[in-house]
$ cat data_18.txt   # compact mmCIF, C-alpha atoms
# COMPACT_ATOMS: atom_id res chain seq x y z
CA MET A 1 6.92 -5.73 -0.95
CA LYS A 2 10.06 -5.18 -2.89
CA ARG A 3 11.64 -7.57 -0.39
CA VAL A 4 11.47 -11.20 -1.41
CA SER A 5 10.16 -12.25 2.00
CA LEU A 6 7.26 -9.85 1.54
CA LEU A 7 6.69 -10.66 -2.09
CA ILE A 8 6.33 -14.35 -1.23
CA LEU A 9 4.00 -13.87 -0.45
CA LEU A 10 -11.31 0.95 5.21
CA ALA A 11 -17.02 1.86 7.60
CA PHE A 12 -16.28 3.03 11.10
CA PHE A 13 -18.42 6.18 10.67
CA GLY A 14 -21.23 4.22 9.02
CA CYS A 15 -20.84 5.26 5.39
CA SER A 16 -23.46 3.87 3.06
CA LYS A 17 -22.68 1.22 0.50
CA ASP A 18 -23.42 1.25 -3.20
CA ASN A 19 -24.44 -2.16 -4.42
CA GLY A 20 -25.65 -0.88 -7.77
CA ASP A 21 -24.12 -1.17 -11.19
CA SER A 22 -20.81 0.66 -11.00
CA SER A 23 -20.57 0.75 -14.79
CA THR A 24 -22.99 3.67 -14.72
CA ARG A 25 -20.83 5.67 -12.32
CA ASP A 26 -17.69 7.69 -12.87
CA ILE A 27 -15.01 5.97 -10.82
CA PRO A 28 -12.11 8.31 -10.01
CA GLN A 29 -8.90 7.08 -11.54
CA ASP A 30 -6.92 7.96 -8.43
CA ILE A 31 -8.42 4.98 -6.61
CA ILE A 32 -5.27 3.25 -7.82
CA VAL A 33 -2.69 5.32 -5.98
CA SER A 34 0.46 3.81 -7.44
CA ALA A 35 2.22 0.77 -8.79
CA PHE A 36 5.74 -0.04 -7.69
CA PHE A 37 8.09 -1.92 -10.03
CA GLY A 38 9.52 -3.90 -7.16
CA LEU A 39 11.78 -6.58 -8.55
CA ASP A 40 12.98 -7.40 -12.07
CA ASN A 41 13.34 -11.12 -12.78
CA ALA A 42 14.35 -11.64 -9.16
CA LEU A 43 11.54 -13.87 -7.87
CA PRO A 44 11.25 -17.64 -8.33
CA GLY A 45 8.52 -18.98 -10.57
CA LEU A 46 7.53 -21.35 -7.78
CA LEU A 47 5.58 -18.45 -6.30
CA CYS A 48 3.16 -18.91 -9.22
CA ASN A 49 3.64 -22.69 -9.37
CA GLN A 50 5.84 -22.23 -12.44
CA PRO A 51 9.32 -23.44 -11.47
CA GLY A 52 12.27 -22.23 -13.50
CA ILE A 53 10.64 -18.96 -14.64
CA PRO A 54 12.12 -15.79 -13.09
CA LEU A 55 9.40 -13.31 -12.17
CA ASP A 56 9.02 -9.56 -11.76
CA GLY A 57 7.18 -8.29 -8.70
CA MET A 58 4.90 -5.22 -8.69
CA PRO A 59 2.80 -4.09 -5.72
CA VAL A 60 -0.26 -2.07 -6.85
CA ASN A 61 -1.75 0.21 -4.19
CA PHE A 62 -5.42 1.21 -3.79
CA LYS A 63 -7.27 3.79 -1.66
CA PHE A 64 -9.98 1.30 -0.75
CA PRO A 65 -9.67 -2.27 0.56
CA LEU A 66 -10.31 -5.03 -1.93
CA ASP A 67 -12.57 -8.06 -1.90
CA VAL A 68 -10.18 -10.99 -2.05
CA SER A 69 -12.85 -13.24 -3.59
CA SER A 70 -12.86 -11.05 -6.74
CA LEU A 71 -9.08 -11.06 -7.12
CA SER A 72 -7.72 -12.65 -10.32
CA GLU A 73 -4.63 -12.24 -12.45
CA THR A 74 -6.84 -11.78 -15.53
CA ALA A 75 -8.27 -8.59 -13.98
CA PHE A 76 -4.95 -6.83 -14.56
CA GLU A 77 -2.86 -5.68 -17.50
CA VAL A 78 0.59 -4.10 -17.38
CA LEU A 79 1.75 -1.94 -20.29
CA ASP A 80 5.49 -1.58 -20.88
CA SER A 81 7.25 1.33 -22.60
CA PHE A 82 7.36 -0.56 -25.92
CA GLY A 83 3.58 -0.91 -25.91
CA ASN A 84 3.51 -4.59 -25.00
CA ILE A 85 0.64 -5.75 -22.77
CA HIS A 86 1.37 -8.26 -20.03
CA THR A 87 -1.02 -10.31 -17.90
CA PRO A 88 0.36 -11.34 -14.50
CA ASN A 89 1.15 -14.98 -13.92
CA CYS A 90 -0.48 -14.74 -10.51
CA VAL A 91 -1.61 -12.11 -7.97
CA SER A 92 -2.07 -11.98 -4.21
CA LEU A 93 -3.11 -9.69 -1.35
CA ALA A 94 -0.72 -11.52 0.95
CA PRO A 95 1.03 -10.72 3.11
CA ALA A 96 -0.82 -7.38 3.58
CA ASN A 97 -4.14 -9.19 4.06
CA GLU A 98 -4.89 -8.69 7.74
CA ASN A 99 -8.04 -6.95 8.94
CA GLY A 100 -7.74 -3.25 8.11
CA GLU A 101 -5.23 -3.80 5.31
CA ASN A 102 -6.06 -5.39 1.90
CA ARG A 103 -5.08 -2.31 -0.12
CA THR A 104 -2.02 -3.69 -1.88
CA VAL A 105 -2.11 -6.33 -4.62
CA LEU A 106 1.13 -8.05 -5.54
CA LEU A 107 1.39 -8.79 -9.28
CA LEU A 108 3.93 -11.42 -10.32
CA GLY A 109 4.99 -12.10 -13.91
CA GLU A 110 6.96 -10.49 -16.72
CA PHE A 111 6.31 -6.73 -16.97
CA GLY A 112 9.32 -5.38 -18.89
CA THR A 113 12.94 -4.59 -18.17
CA ALA A 114 13.97 -1.95 -15.65
CA GLU A 115 16.59 -0.11 -17.71
CA THR A 116 15.42 -0.52 -21.30
CA ASN A 117 11.69 -1.26 -21.24
CA PRO A 118 10.06 -0.57 -17.88
CA PRO A 119 6.36 -0.88 -17.13
CA VAL A 120 4.55 2.44 -17.55
CA GLU A 121 0.87 1.70 -16.81
CA VAL A 122 -1.27 -0.74 -14.84
CA ARG A 123 -4.90 -1.32 -15.83
CA VAL A 124 -7.83 -3.11 -14.23
CA VAL A 125 -9.53 -4.81 -17.16
CA GLY A 126 -11.73 -7.33 -15.38
CA ASP A 127 -14.10 -7.34 -12.44
CA LEU A 128 -12.35 -6.33 -9.23
CA PHE A 129 -14.47 -5.19 -6.30
CA THR A 130 -13.73 -3.08 -3.27
CA THR A 131 -15.16 -4.00 0.09
CA ASP A 132 -16.40 -2.16 3.16
CA THR A 133 -13.93 -0.90 5.69
CA MET A 134 -14.13 -2.51 9.08
CA SER A 135 -15.23 -1.20 12.45
CA GLY A 136 -12.13 0.52 13.78
CA GLU A 137 -11.04 2.10 10.50
CA THR A 138 -11.62 5.83 10.07
CA PHE A 139 -11.56 5.92 6.28
CA CYS A 140 -14.73 4.87 4.46
CA SER A 141 -15.10 2.72 1.40
CA GLU A 142 -17.88 1.83 -1.02
CA ILE A 143 -18.46 -1.46 -2.78
CA ILE A 144 -17.66 -0.66 -6.38
CA ASN A 145 -16.27 -2.44 -9.43
CA LEU A 146 -12.83 -1.09 -10.32
CA SER A 147 -12.90 -2.44 -13.89
CA GLY A 148 -11.66 0.30 -16.23
CA THR A 149 -9.44 2.07 -13.72
CA THR A 150 -5.80 2.65 -14.53
CA THR A 151 -2.64 4.32 -13.27
CA THR A 152 0.45 5.68 -14.97
CA ASN A 153 2.04 6.39 -11.60
CA VAL A 154 4.44 3.47 -11.92
CA ILE A 155 7.44 3.96 -9.67
CA PRO A 156 10.70 2.81 -11.28
CA LEU A 157 12.82 0.01 -9.90
CA ALA A 158 15.66 2.32 -8.87
CA ASP A 159 13.45 4.62 -6.77
CA GLY A 160 13.06 4.08 -3.06
CA PRO A 161 9.79 3.43 -1.20
CA SER A 162 7.31 6.12 -0.14
CA LEU A 163 4.16 6.39 1.99
CA PHE A 164 0.83 6.15 0.14
CA PHE A 165 -1.86 5.90 2.85
CA ALA A 166 -2.62 6.68 6.49
CA GLN A 167 -5.72 6.40 8.68
CA ARG A 168 -6.64 6.40 12.37
CA ILE A 169 -7.22 2.93 13.86
CA ASN A 170 -9.48 2.14 16.84
CA GLY A 171 -10.99 -0.81 18.64
CA ASN A 172 -9.89 -4.34 17.93
CA LEU A 173 -7.75 -3.26 14.98
CA ASN A 174 -5.54 -1.19 17.27
CA GLU A 175 -2.37 -3.11 18.07
CA CYS A 176 -0.78 -0.37 20.22
CA ASN A 177 -0.68 -1.26 23.91
CA SER A 178 0.05 2.30 25.02
CA GLY A 179 -0.71 5.86 23.93
CA THR A 180 -3.92 7.75 23.18
CA GLN A 181 -4.27 7.39 19.39
CA THR A 182 -2.99 5.02 16.72
CA ILE A 183 -2.22 5.93 13.11
CA GLN A 184 -1.86 3.17 10.53
CA VAL A 185 0.49 3.93 7.65
CA ALA A 186 1.15 2.05 4.43
CA TRP A 187 4.14 2.10 2.09
CA ASN A 188 3.96 1.45 -1.64
CA GLY A 189 6.27 -1.50 -1.18
CA GLY A 190 7.85 -3.52 1.57
CA ILE A 191 10.47 -1.89 3.76
CA THR A 192 13.21 -2.76 6.19
CA PRO A 193 15.48 -0.45 8.19
CA HIS A 194 18.20 1.26 6.15
CA ILE A 195 20.24 2.37 9.16
CA SER A 196 22.77 -0.23 10.22
CA GLY A 197 21.92 -1.95 13.49
CA ASP A 198 18.26 -0.92 13.53
CA THR A 199 15.40 -3.39 13.63
CA GLU A 200 11.80 -2.74 12.55
CA SER A 201 10.87 -1.99 16.16
CA ASP A 202 13.28 0.99 16.05
CA LEU A 203 11.53 2.71 13.13
CA PHE A 204 9.01 4.63 15.26
CA GLN A 205 11.68 7.18 16.15
CA TYR A 206 12.00 8.30 12.52
CA TYR A 207 8.28 8.90 11.93
CA VAL A 208 6.72 12.29 12.77
CA GLY A 209 3.02 13.02 13.22
CA TYR A 210 1.62 16.54 12.85
CA SER A 211 -1.39 18.21 14.43
CA ASP A 212 -2.90 21.45 13.12
CA SER A 213 -3.55 24.41 15.38
CA SER A 214 -4.85 27.49 13.55
CA GLY A 215 -2.96 26.53 10.40
CA ILE A 216 0.30 25.79 12.18
CA LEU A 217 1.61 22.22 12.04
CA THR A 218 2.96 20.92 15.34
CA PRO A 219 5.22 17.84 15.24
CA HIS A 220 4.70 14.86 17.54
CA ALA A 221 6.93 11.80 17.88
CA PRO A 222 5.34 8.36 18.24
CA ILE A 223 6.17 6.56 21.45
CA SER A 224 6.30 3.13 19.82
CA ILE A 225 5.42 1.16 16.69
CA SER A 226 3.29 -1.95 16.21
CA ASP A 227 2.16 -4.29 13.41
CA ILE A 228 5.75 -5.19 12.71
CA ASN A 229 7.73 -8.31 11.78
CA ASP A 230 5.00 -9.67 9.51
CA ASN A 231 6.67 -8.91 6.18
CA ASP A 232 4.05 -6.49 4.88
CA ASN A 233 3.96 -2.76 4.07
CA PHE A 234 1.79 -1.57 7.00
CA HIS A 235 2.78 -0.09 10.35
CA GLN A 236 0.79 1.24 13.31
CA LEU A 237 2.23 4.30 15.08
CA CYS A 238 1.38 4.82 18.74
CA PHE A 239 1.02 8.45 19.88
CA SER A 240 0.56 9.76 23.41
CA THR A 241 -0.67 13.22 22.38
CA SER A 242 -4.37 14.06 22.52
CA ASP A 243 -3.93 16.48 19.58
CA GLU A 244 -5.45 15.05 16.39
CA ILE A 245 -2.74 13.79 14.04
CA ILE A 246 -3.48 14.90 10.47
CA LYS A 247 -0.23 14.16 8.64
CA ILE A 248 2.61 11.63 8.90
CA SER A 249 6.14 11.97 7.60
CA MET A 250 9.24 9.82 7.52
CA MET A 251 12.71 11.32 7.28
CA ALA A 252 14.96 10.30 4.38
CA ASN A 253 17.37 7.37 4.38
CA THR A 254 15.73 5.45 7.20
CA VAL A 255 14.05 2.57 5.36
CA GLU A 256 14.90 0.70 2.17
CA ASP A 257 13.30 -1.64 -0.32
CA PRO A 258 14.63 -5.08 -1.32
CA ASN A 259 16.73 -3.40 -4.00
CA HIS A 260 18.42 -1.59 -1.08
CA ASP A 261 17.14 1.75 -2.40
CA PRO A 262 16.61 4.12 0.56
CA ASN A 263 13.54 6.31 0.88
CA LEU A 264 13.52 10.01 0.18
CA TYR A 265 11.62 12.25 2.59
CA SER A 266 8.04 11.00 2.50
CA GLU A 267 4.76 12.34 3.88
CA VAL A 268 1.06 11.58 3.62
CA ASP A 269 -2.16 13.08 4.98
CA VAL A 270 -4.18 11.02 7.44
CA SER A 271 -7.35 10.07 5.55
CA SER A 272 -10.75 10.72 7.04
CA CYS A 273 -14.15 9.28 6.18
CA ALA A 274 -14.89 10.16 2.56
CA GLN A 275 -17.01 8.69 -0.20
CA ILE A 276 -16.42 8.94 -3.92

$ encode --input "data_18.txt" --output "structure tokens"
Amino acid sequence: MKRVSLLILLAFFGCSKDNGDSSTRDIPQDIIVSAFFGLDNALPGLLCNQPGIPLDGMPVNFKFPLDVSSLSETAFEVLDSFGNIHTPNCVSLAPANENGENRTVLLLGEFGTAETNPPVEVRVVGDLFTTDTMSGETFCSEIINLSGTTTTNVIPLADGPSLFFAQRINGNLNECNSGTQTIQVAWNGGITPHISGDTESDLFQYYVGYSDSSGILTPHAPISISDINDNDNFHQLCFSTSDEIIKISMMANTVEDPNHDPNLYSEVDVSSCAQI
């Protein structure tokens, strides 16, 4: 999502829903995993129907999928290092809005300046609801109102992308046409290959999946990659092993963001069904 083309734009195990008043519940703050200061005055205002106004881009990443019908720019505030509060000009789940995705919101507007006054916090200040995960996802969600949640995990412009989520994918959501298990991974911003000559279809060879046998992690290489060439921050990794994959890593300097910042070594646990 730090790439302009991207910026232009989980209840398989039958977890129960909570349709009650979420204001009476303690919502964990880590539901917002991160915000990524993606681009600084590098997007055209036309993306928010405001021609002539350069825009910042900031993907905000959530553990649970979001209900697109509750999405509004007024539900968000961005605090910069000088203490100024900014409301996005517009927001969107696109392009990461396919079934089994919907965990990344792209904020567009003015959020500070990368070198002298960067954004330091993102807040949900209005009603924003999660939604159920779909059949085929192995991580559960609850329907809750995220109003009042916040994150100070704002990744600076100069930093490269990193993994923030992984889950097992089955059924109709599985886009792998070979292998025995599929792991969906999500980055905190859009990525393209960093290695010269590689295309997105080559990236599978740089991912590693790990199974756990008596406390010893065993590496497994994917045999292919799917959910590619759609300009979003999600991939599906196709594995031929029958060993349960519990962790995914990506070696350093293999993908980059639109600022051409390469990733450091990145890893994430494969999420299982869990309620808050």

$ residues_around --input "data_18.txt" --residues "region 60-67 of chain A" --least-positions-apart "6" --cutoff "6 Å" --atoms "all atoms listed in the file" --output "JSON, numbers by chain"
{"A": [10, 31, 32, 33, 34, 35, 102, 103, 104, 105, 129, 130, 131, 141]}

$ residues_around --input "data_18.txt" --residues "Phe234 (chain A)" --least-positions-apart "3" --cutoff "9 Å" --atoms "all atoms listed in the file" --output "list in words"
Ala96, Glu101, Gln184, Val185, Ala186, Trp187, Gly190, Asp227, Ile228 and Asn231 of chain A

$ axis_aligned_box --input "data_18.txt" --around "region 39-57 of chain A" --padding-each-side "3 Å" --output "AutoDock Vina command-line options"
--center_x 8.8 --center_y -15.0 --center_z -10.5 --size_x 17.2 --size_y 22.9 --size_z 14.3

$ closest_residue --input "data_18.txt" --among "A:Thr192, A:Ser266, A:Asn177, A:Ser135" --to "Ser249 (chain A)" --atoms "all atoms listed in the file"
A:Ser266

$ closest_residue --input "data_18.txt" --among "A:Ser162, A:Arg168, A:Asp269, A:Ala221" --to "Asn253 (chain A)" --atoms "only C-alpha atoms"
A:Ser162

$ residues_around --input "data_18.txt" --residues "Met58 (chain A)" --least-positions-apart "2" --cutoff "6 Å" --atoms "only C-alpha atoms" --output "JSON, numbers by chain"
{"A": [36, 37, 38, 106, 107]}

$ atom_distance --input "data_18.txt" --atom1 "CA of Gly45 (chain A)" --atom2 "CA of Glu73 (chain A)"
14.9 Å

$ atom_distance --input "data_18.txt" --atom1 "CA of Ser178 (chain A)" --atom2 "CA of Ile245 (chain A)"
16.1 Å

$ residues_around --input "data_18.txt" --residues "Phe239 (chain A)" --least-positions-apart "2" --cutoff "8 Å" --atoms "all atoms listed in the file" --output "PyMOL selection string"
chain A and resi 179-183+220-224+237+241

$ closest_residue --input "data_18.txt" --among "A:Glu256, A:Asp243, A:Glu115, A:Glu200" --to "Leu157 (chain A)" --atoms "all atoms listed in the file"
A:Glu115

$ closest_residue --input "data_18.txt" --among "A:Pro156, A:Pro161, A:Gly148, A:Gly171" --to "Asn188 (chain A)" --atoms "only C-alpha atoms"
A:Pro161

$ atom_distance --input "data_18.txt" --atom1 "CA of Asn84 (chain A)" --atom2 "CA of Ile27 (chain A)"
25.6 Å

$ residues_near_point --input "data_18.txt" --point "(-4.5, -2.7, 12.5)" --cutoff "7 Å" --atoms "only C-alpha atoms" --output "count of residues only"
9

$ closest_residue --input "data_18.txt" --among "A:Leu46, A:Ser201, A:Gly112, A:Ile144" --to "Cys238 (chain A)" --atoms "all atoms listed in the file"
A:Ser201

$ residues_around --input "data_18.txt" --residues "Thr152 (chain A)" --least-positions-apart "5" --cutoff "8 Å" --atoms "only C-alpha atoms" --output "PyMOL selection string"
chain A and resi 34+120-122
